[in-house]
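> This is the structure I want to talk about, given as structure tokens.
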Amino acid sequence: MFENYSTPLLNRTRFLRRVLYYFFFSALVLFSSLALGVVGYHYFGELNWIDSLLNASMILTGMGPVNPMRNDVGKLFASFYALFSGLAFLTTQSILLAPLVHRFLHICRVDVSGD
């Protein structure tokens, strides 16, 4: 999808379109992760929808849980969701930064393939 180092740099309009595409894709990953957490906290943690949203948001951003889990199933879900959230955060950041890092490397003409 990205051009290699021997092709010319994309013009500003096409580059901004690419950045927007990756921004929306990373937002989709983020909101899907948040929805998974909200539903999980609601059903497994037996929290109301607002508390579920608060807990999922706090875990997803790395702040930590707000409400204690009352049952073992809720505690297991909270544990697995916390692990998943770390990966989701890194994935979202990677998707968001990919076009910017590629453009920087393209401008510097750095060959990352090692050839």
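Simple scheme: letters A, B, ... for chains in structure tokens order, numbers from 1 for residues in each chain, numbers from 1 for ligands in the order shown.
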If we count only C-alpha atoms and set the cut-off at 12 Å, which residues sit around Tyr41 in chain A, ignoring sequence neighbours fewer than 5 positions away in its own chain? Please answer as a compact mmCIF listing (two decimals) with N, CA and C atoms, in the first residue's frame.

# COMPACT_ATOMS: atom_id res chain seq x y z
N LEU A 34 -13.42 -0.55 22.91
CA LEU A 34 -14.24 0.06 23.97
C LEU A 34 -15.59 -0.63 24.07
N ALA A 35 -16.23 -0.92 22.94
CA ALA A 35 -17.53 -1.60 22.95
C ALA A 35 -17.41 -2.99 23.56
N LEU A 36 -16.34 -3.70 23.25
CA LEU A 36 -16.12 -5.01 23.84
C LEU A 36 -16.03 -4.91 25.36
N GLU A 46 -21.45 -7.31 35.99
CA GLU A 46 -22.76 -6.93 36.55
C GLU A 46 -22.80 -5.44 36.94
N LEU A 47 -22.24 -4.60 36.09
CA LEU A 47 -22.27 -3.15 36.29
C LEU A 47 -23.32 -2.55 35.37
N ASN A 48 -23.83 -1.36 35.74
CA ASN A 48 -24.76 -0.69 34.83
C ASN A 48 -23.96 -0.13 33.64
N TRP A 49 -24.68 0.37 32.64
CA TRP A 49 -24.01 0.76 31.38
C TRP A 49 -23.02 1.90 31.58
N ILE A 50 -23.36 2.87 32.39
CA ILE A 50 -22.46 4.01 32.60
C ILE A 50 -21.19 3.58 33.34
N ASP A 51 -21.35 2.77 34.38
CA ASP A 51 -20.17 2.26 35.10
C ASP A 51 -19.33 1.35 34.21
N SER A 52 -20.00 0.59 33.35
CA SER A 52 -19.27 -0.26 32.40
C SER A 52 -18.45 0.59 31.44
N LEU A 53 -19.04 1.66 30.93
CA LEU A 53 -18.31 2.57 30.05
C LEU A 53 -17.13 3.21 30.77
N LEU A 54 -17.34 3.63 32.00
CA LEU A 54 -16.27 4.24 32.78
C LEU A 54 -15.12 3.26 33.00
N ASN A 55 -15.44 2.05 33.42
CA ASN A 55 -14.39 1.05 33.65
C ASN A 55 -13.65 0.69 32.37
N ALA A 56 -14.38 0.46 31.29
CA ALA A 56 -13.74 0.11 30.03
C ALA A 56 -12.85 1.26 29.53
N SER A 57 -13.32 2.48 29.66
CA SER A 57 -12.53 3.63 29.23
C SER A 57 -11.26 3.77 30.06
N ILE A 59 -9.66 1.43 31.79
CA ILE A 59 -8.74 0.32 31.51
C ILE A 59 -8.07 0.52 30.15
N PRO A 65 -8.90 0.25 36.88
CA PRO A 65 -10.33 0.08 37.11
C PRO A 65 -10.88 1.04 38.15
N VAL A 66 -12.19 1.26 38.09
CA VAL A 66 -12.86 2.14 39.04
C VAL A 66 -13.68 1.33 40.04
N ASN A 67 -14.52 0.44 39.51
CA ASN A 67 -15.39 -0.37 40.35
C ASN A 67 -14.77 -1.75 40.58
N PRO A 68 -14.83 -2.24 41.82
CA PRO A 68 -14.34 -3.61 42.06
C PRO A 68 -15.31 -4.63 41.48
N MET A 69 -14.77 -5.74 41.02
CA MET A 69 -15.61 -6.82 40.50
C MET A 69 -16.11 -7.66 41.67
N ARG A 70 -17.38 -8.02 41.61
CA ARG A 70 -18.00 -8.74 42.73
C ARG A 70 -17.99 -10.25 42.57
N ASN A 71 -17.75 -10.74 41.37
CA ASN A 71 -17.75 -12.18 41.17
C ASN A 71 -16.50 -12.61 40.42
N VAL A 73 -16.23 -14.40 37.65
CA VAL A 73 -16.31 -14.22 36.19
C VAL A 73 -15.96 -12.78 35.82
N GLY A 74 -16.45 -11.83 36.59
CA GLY A 74 -16.12 -10.42 36.35
C GLY A 74 -14.64 -10.15 36.53
N LYS A 75 -14.03 -10.78 37.52
CA LYS A 75 -12.60 -10.60 37.75
C LYS A 75 -11.78 -11.20 36.61
N LEU A 76 -12.20 -12.35 36.13
CA LEU A 76 -11.50 -12.96 34.99
C LEU A 76 -11.64 -12.08 33.74
N PHE A 77 -12.85 -11.57 33.50
CA PHE A 77 -13.03 -10.68 32.35
C PHE A 77 -12.16 -9.44 32.48
N ALA A 78 -12.15 -8.84 33.67
CA ALA A 78 -11.34 -7.63 33.88
C ALA A 78 -9.86 -7.91 33.64
N SER A 79 -9.40 -9.07 34.05
CA SER A 79 -7.99 -9.43 33.83
C SER A 79 -7.67 -9.56 32.34
N PHE A 80 -8.51 -10.31 31.63
CA PHE A 80 -8.26 -10.50 30.21
C PHE A 80 -8.47 -9.22 29.41
N TYR A 81 -9.42 -8.41 29.82
CA TYR A 81 -9.64 -7.13 29.12
C TYR A 81 -8.47 -6.18 29.34
N ALA A 82 -7.88 -6.21 30.52
CA ALA A 82 -6.71 -5.36 30.78
C ALA A 82 -5.54 -5.78 29.89
> Tell me which protein, DNA and RNA residues are within 10 Å of Gln93 in chain A, counting only C-alpha atoms, leaving out same-chain ones fewer than 6 positions away, and put them as a list of chain:residue names.
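What passes the distance filter is A:Phe23, A:Ser26, A:Leu30, A:Leu87.
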> Give the answer as one residue: which of A:Leu60, A:Leu28, A:Leu10, A:Leu20 has the shortest atom-to-atom distance to Leu90 in chain A, using only C-alpha atoms?
A:Leu60
> Just the number, please: distance in Å from CA of Ala88 in chain A to CA of Tyr22 in chain A, one decimal.
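Going from CA of Ala88 in chain A over to CA of Tyr22 in chain A covers 15.0 Å.
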> How many Å separate CA of Pro99 in chain A from CA of Val19 in chain A?
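Separation between CA of Pro99 in chain A and CA of Val19 in chain A: 6.1 Å.
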> Where in range 5-107 of chain A does DSSP assign helix (DSSP H, G or I), given as a PyMOL selection string?
chain A and resi 12-43+49-60+72-107
